Amino acid sequence: MAAHIGRRLRKGAATTAVAAAAVAALSASQAPGVTSEDNGRQAAAGASAPTADAPADGNATGNSPYYTDLPPLKSPNPSPSSSAGTPVSRGEAEAGIPATVLDAYKKAEAELRSAKPGCNLPWQLLAAIGKVESGHARGGQVDADGTTVGRILGPQLDGNGFALIPDTDDGAFDGNSTYDQAVGPMQFIPSTWAWAGRDGNGDGKKDPNNVYDAALAAGHYLCRNGWDMSTESGLHSAILSYNNSQDYLNLVLNWLEYYRKGSHSIPDGTGGVPEHRSDDNSGHTTSPKPSAPPSDKPHPKPHKPGNGGGDHSGNENSGPKPTPPAPTPPAPPTDPQTPTDLVDHLVGVGTGKLTAMAGDAFAEPVSVRAETKVGKSVAKVRIRFTITGDTDATFAGGESVATVATDAKGIALAPALQAGVKTGDFKVTAAVVGRSVKGVDFAAAVTARAADALARTSDTPLSCAPDGEFADQVQVKATYKGAVADKVAATATLVKSADDATENDKGPYFKDADGKAVRTLTGLQTDGKGLLTLPKLYADDTTGTFLLRITTTGGATLTVELKVAAADSSASPDPSASSS
């Protein structure tokens with residue numbers, strides 16, 4: 001306890017008298033029933049008896065160890081910068097919360113406000129628990145999506161000084177296939193995460209190592225059982241359900257009170273990491289109950305002017321008593337801004353016309369830039385891209401929704417668009433996650449597969465005798481902008497002339513399944529190599545030159561000549577024939 005009190009006094013006390021007063025205040029506010037420092041360690045190890053408010057369904061952390069550092073005595077006093085950007089703090093360093101972690105707490109509060117309005121969950125409660133459990137993900141060591149850089153693990157719960165919890169997740173989350181360990185910035189044990197886990201960042205996964213997922217899961221966990229955080233009983237029950245220790249409850253309440261007085265955003269990775277844990281043997285202290293807020297009322301009997309506070313003139317009525325100045329009310333705490341709070345609008349970036357043929361990937365990217373009101377780019381803002389429409393187009397991976405964080409230039413690039421087999425128009429909408437600003441719509445279309453050129457694969461003339469069969473089948477290759485055009489629809493018709501595309505009623509023909517003559521074939525399609533091989537052609541008794549016209553989706557056209565002629569009578573006589 002001495003180590004913690006010393007730290008707090010060095011930070012918050014200016015004189016020995018103030019320090020002594022602080023020690024007295026902390027000593028007087030000890031939790032009822034707490035008699036020694038060892039009590040807190042036992043509670044953290046799962047050995048304390050449940051309190052009256054504790055639920056009977058276990059707890060989120062398995063009573064794993066937690067950081068015991070106390071908030072400073074001095075309240076934070078953040079002051080926003082006069083220019084656009086992250087507010088600048090002029091208060092205690094402990095009031096700073098890494099930007100992405102703070103964003104996760106506030107997003108969770110916003111969702112719970114809608115999903116469970118009767119819970120009245122403040123984001124500052126999540127911040128208090130996040131501070132105690134992991135030091136806000138080790139000072140904000142997270143990537144742009146909110147996933148911790150490396151796993152944050154508590155000790156294995158093997159019953160050796162801690163609760164005994166054999167492995168429940170085959171090591172999937174904690175890497176330990178023998179015993180469970182608390183995982184992530186909110187220190188969930190795998191058995192609890194199995195039912196309490198949430199997807200807070202919209203990536204389709206529930207990852208306890210992701211601060212958005214973990215914060216939302218913690219919010220839902222605290223709000224279960226109909227607990228109302230605006231009441232003392234509901235608040236205490238919820239906190240004790242997270243870690244069943246009176247010291248833990250008091251510590252979280254201290255940080256909750258501290259953050260409610262003010263806090264501010266700091267860059268990710270720049271936050272401090274607490275120094276002491278409930279399972280170490282140095283500096284452990286019992287957490288005091290949060291004190292009542294100081295009164296702003298003036299002293300009812302101010303001192304008279306003069307040395308020592310008395311009037312040495314000998315005349316009690318020698319002058320009017322001074323009226324004490326009215327106290328200046330404290331400024332309300334400034335709600336810390338996150339990158340999302342700074343966004344005024346989105347702007348489409350370099351996206352041309354979005355078109356692709358069925359089955360192809362879209363060549364054009366979809367991207368937006370998040371900007372402030374004055375056009376300044378904002379990084380680390382989560383943008384949700386959503387596909388709507390009658391086609392089966394998706395993002396790479398088969399999803400119709402994708403969430404991406406803006407980069408250092410404020411730009412969010414959606415995953416590649418992939419066209420399905422269904423043609424038609426659709427729309428991609430980009431919107432800021434957690435903020436109501438006007439989104440950006442991108443019109444897109446999936447068109448039928450097409451070819452712009454056709455060519456025969458052989459230049460052999462095609463000829464036949466009347467009532468005969470053409471020896472060679474017609475084969476063509478389709479291309480689009482020089483590349484193979486596969487799966488392109490085509491039609492083949494025997495036409496009357498180059499200028500008359502109506503079907504000819506005489507000359508060469510195809511046969512249908514019943515052997516009947518047909519002179520138009522529909523429903524044809526090029527193969528994977530862009531090749532189209534037509535069925536065999538036959539000739540009736542009409543001689544002459546005929547035309548076969550092949551067309552594809554996209555406008556490619558090829559006309560092939562077919563000749564039907566009788567055998568040449570002027571050919572050399574058979575030398576075996578005898579003369580008369």
# chains A, B, ... in the order shown; residues from 1 in each chain; ligands from 1
$ residues_around --residues "Asp486 (chain A)" --least-positions-apart "5" --cutoff "12 Å" --atoms "only C-alpha atoms" --output "short mmCIF file (atom, residue, chain, number, x, y, z; two decimals) with N, CA and C atoms, in the first residue's frame"
data_model
loop_
_atom_site.label_atom_id
_atom_site.label_comp_id
_atom_site.auth_asym_id
_atom_site.auth_seq_id
_atom_site.Cartn_x
_atom_site.Cartn_y
_atom_site.Cartn_z
N MET A 357 -17.83 -7.27 -66.75
CA MET A 357 -18.63 -8.33 -67.34
C MET A 357 -18.88 -9.42 -66.31
N ALA A 358 -19.96 -10.14 -66.48
CA ALA A 358 -20.33 -11.19 -65.54
C ALA A 358 -19.16 -12.14 -65.31
N GLY A 359 -18.87 -12.38 -64.03
CA GLY A 359 -17.79 -13.29 -63.68
C GLY A 359 -16.43 -12.66 -63.57
N ASP A 360 -16.28 -11.41 -63.97
CA ASP A 360 -14.98 -10.74 -63.93
C ASP A 360 -14.84 -9.89 -62.66
N ALA A 448 -23.33 -8.38 -69.61
CA ALA A 448 -23.13 -9.72 -70.15
C ALA A 448 -21.71 -9.84 -70.72
N ARG A 449 -21.19 -11.04 -70.73
CA ARG A 449 -19.87 -11.26 -71.30
C ARG A 449 -19.93 -11.00 -72.80
N ALA A 450 -18.90 -10.39 -73.34
CA ALA A 450 -18.96 -9.91 -74.71
C ALA A 450 -17.67 -10.20 -75.45
N ALA A 451 -17.78 -10.14 -76.77
CA ALA A 451 -16.62 -10.25 -77.67
C ALA A 451 -16.71 -9.11 -78.66
N ASP A 452 -15.56 -8.60 -79.07
CA ASP A 452 -15.56 -7.55 -80.10
C ASP A 452 -14.92 -8.00 -81.40
N LYS A 477 -12.92 -18.26 -83.15
CA LYS A 477 -12.38 -17.84 -81.86
C LYS A 477 -12.83 -16.41 -81.58
N ALA A 478 -13.36 -16.19 -80.35
CA ALA A 478 -13.84 -14.86 -79.94
C ALA A 478 -12.81 -14.20 -79.03
N THR A 479 -12.62 -12.90 -79.23
CA THR A 479 -11.72 -12.12 -78.37
C THR A 479 -12.40 -10.81 -77.97
N TYR A 480 -11.91 -10.26 -76.85
CA TYR A 480 -12.39 -8.95 -76.41
C TYR A 480 -11.16 -8.12 -76.04
N LEU A 524 -25.83 -20.50 -78.29
CA LEU A 524 -24.44 -20.95 -78.39
C LEU A 524 -23.57 -20.17 -77.41
N GLN A 525 -22.41 -20.72 -77.04
CA GLN A 525 -21.51 -20.05 -76.11
C GLN A 525 -20.07 -20.49 -76.35
N THR A 526 -19.16 -19.53 -76.32
CA THR A 526 -17.75 -19.86 -76.47
C THR A 526 -17.27 -20.62 -75.24
N ASP A 527 -16.26 -21.45 -75.42
CA ASP A 527 -15.74 -22.22 -74.29
C ASP A 527 -14.69 -21.42 -73.53
N GLY A 528 -13.99 -22.08 -72.61
CA GLY A 528 -13.01 -21.39 -71.79
C GLY A 528 -11.86 -20.81 -72.57
N LYS A 529 -11.63 -21.27 -73.80
CA LYS A 529 -10.57 -20.73 -74.64
C LYS A 529 -11.10 -19.76 -75.69
N GLY A 530 -12.39 -19.42 -75.56
CA GLY A 530 -13.00 -18.50 -76.51
C GLY A 530 -13.39 -19.14 -77.82
N LEU A 531 -13.37 -20.46 -77.89
CA LEU A 531 -13.66 -21.18 -79.14
C LEU A 531 -15.14 -21.54 -79.22
N LEU A 532 -15.66 -21.51 -80.45
CA LEU A 532 -17.02 -21.94 -80.73
C LEU A 532 -16.98 -22.84 -81.96
N THR A 552 -22.07 -12.29 -81.80
CA THR A 552 -21.94 -12.51 -80.35
C THR A 552 -22.47 -11.30 -79.60
N THR A 553 -22.69 -11.50 -78.29
CA THR A 553 -22.95 -10.37 -77.40
C THR A 553 -21.73 -9.45 -77.42
#
$ closest_atom_pairs --of "region 244-288 of chain A" --to "region 121-137 of chain A" --cutoff "8 Å" --atoms "only C-alpha atoms" --output "tab-separated table"
residue	atom	partner	partner_atom	distance
A:Leu251	CA	A:Val132	CA	7.9
A:Val252	CA	A:Ala128	CA	5.5
A:Leu253	CA	A:Ala128	CA	7.6
A:Trp255	CA	A:Ala128	CA	5.0
A:Leu256	CA	A:Ala128	CA	5.2
A:Tyr259	CA	A:Gln124	CA	5.9
A:Arg260	CA	A:Gln124	CA	6.3
A:Gly271	CA	A:His136	CA	7.9
A:Gly272	CA	A:Gly135	CA	7.4
A:Val273	CA	A:Gly135	CA	5.3
A:Pro274	CA	A:Gly135	CA	6.0
$ residues_around --residues "Ala108 (chain A)" --least-positions-apart "2" --cutoff "10 Å" --atoms "only C-alpha atoms" --output "ChimeraX atom specification"
/A:102-106,110-113,121-123,126,200,212-220,434
$ residues_around --residues "region 499-506 of chain A" --least-positions-apart "5" --cutoff "10 Å" --atoms "only C-alpha atoms" --output "ChimeraX atom specification"
/A:493-494,517-520,539-543,546-549
$ closest_residue --among "A:Ala196, A:Gly544, A:Ala455, A:Pro466" --to "Thr559 (chain A)" --atoms "only C-alpha atoms"
A:Ala455
$ closest_residue --among "A:Gln418, A:Ser230, A:Ser436, A:Ser241" --to "His345 (chain A)" --atoms "only C-alpha atoms"
A:Ser436
$ residues_around --residues "Ala419 (chain A)" --least-positions-apart "3" --cutoff "12 Å" --atoms "only C-alpha atoms" --output "ChimeraX atom specification"
/A:354-363,387,390-400,416,422-426,444-449
$ closest_residue --among "A:Ala492, A:Leu157, A:Gly175, A:Arg224" --to "Ala115 (chain A)" --atoms "only C-alpha atoms"
A:Arg224
$ select_by_dssp --residues "region 383-540 of chain A" --states "strand (DSSP E)" --output "PyMOL selection string"
chain A and resi 383-389+394-395+401-405+411-413+417-418+424-432+440-447+453-456+463-464+475-480+483-484+489-495+510-511+517-518+520-525+531-533
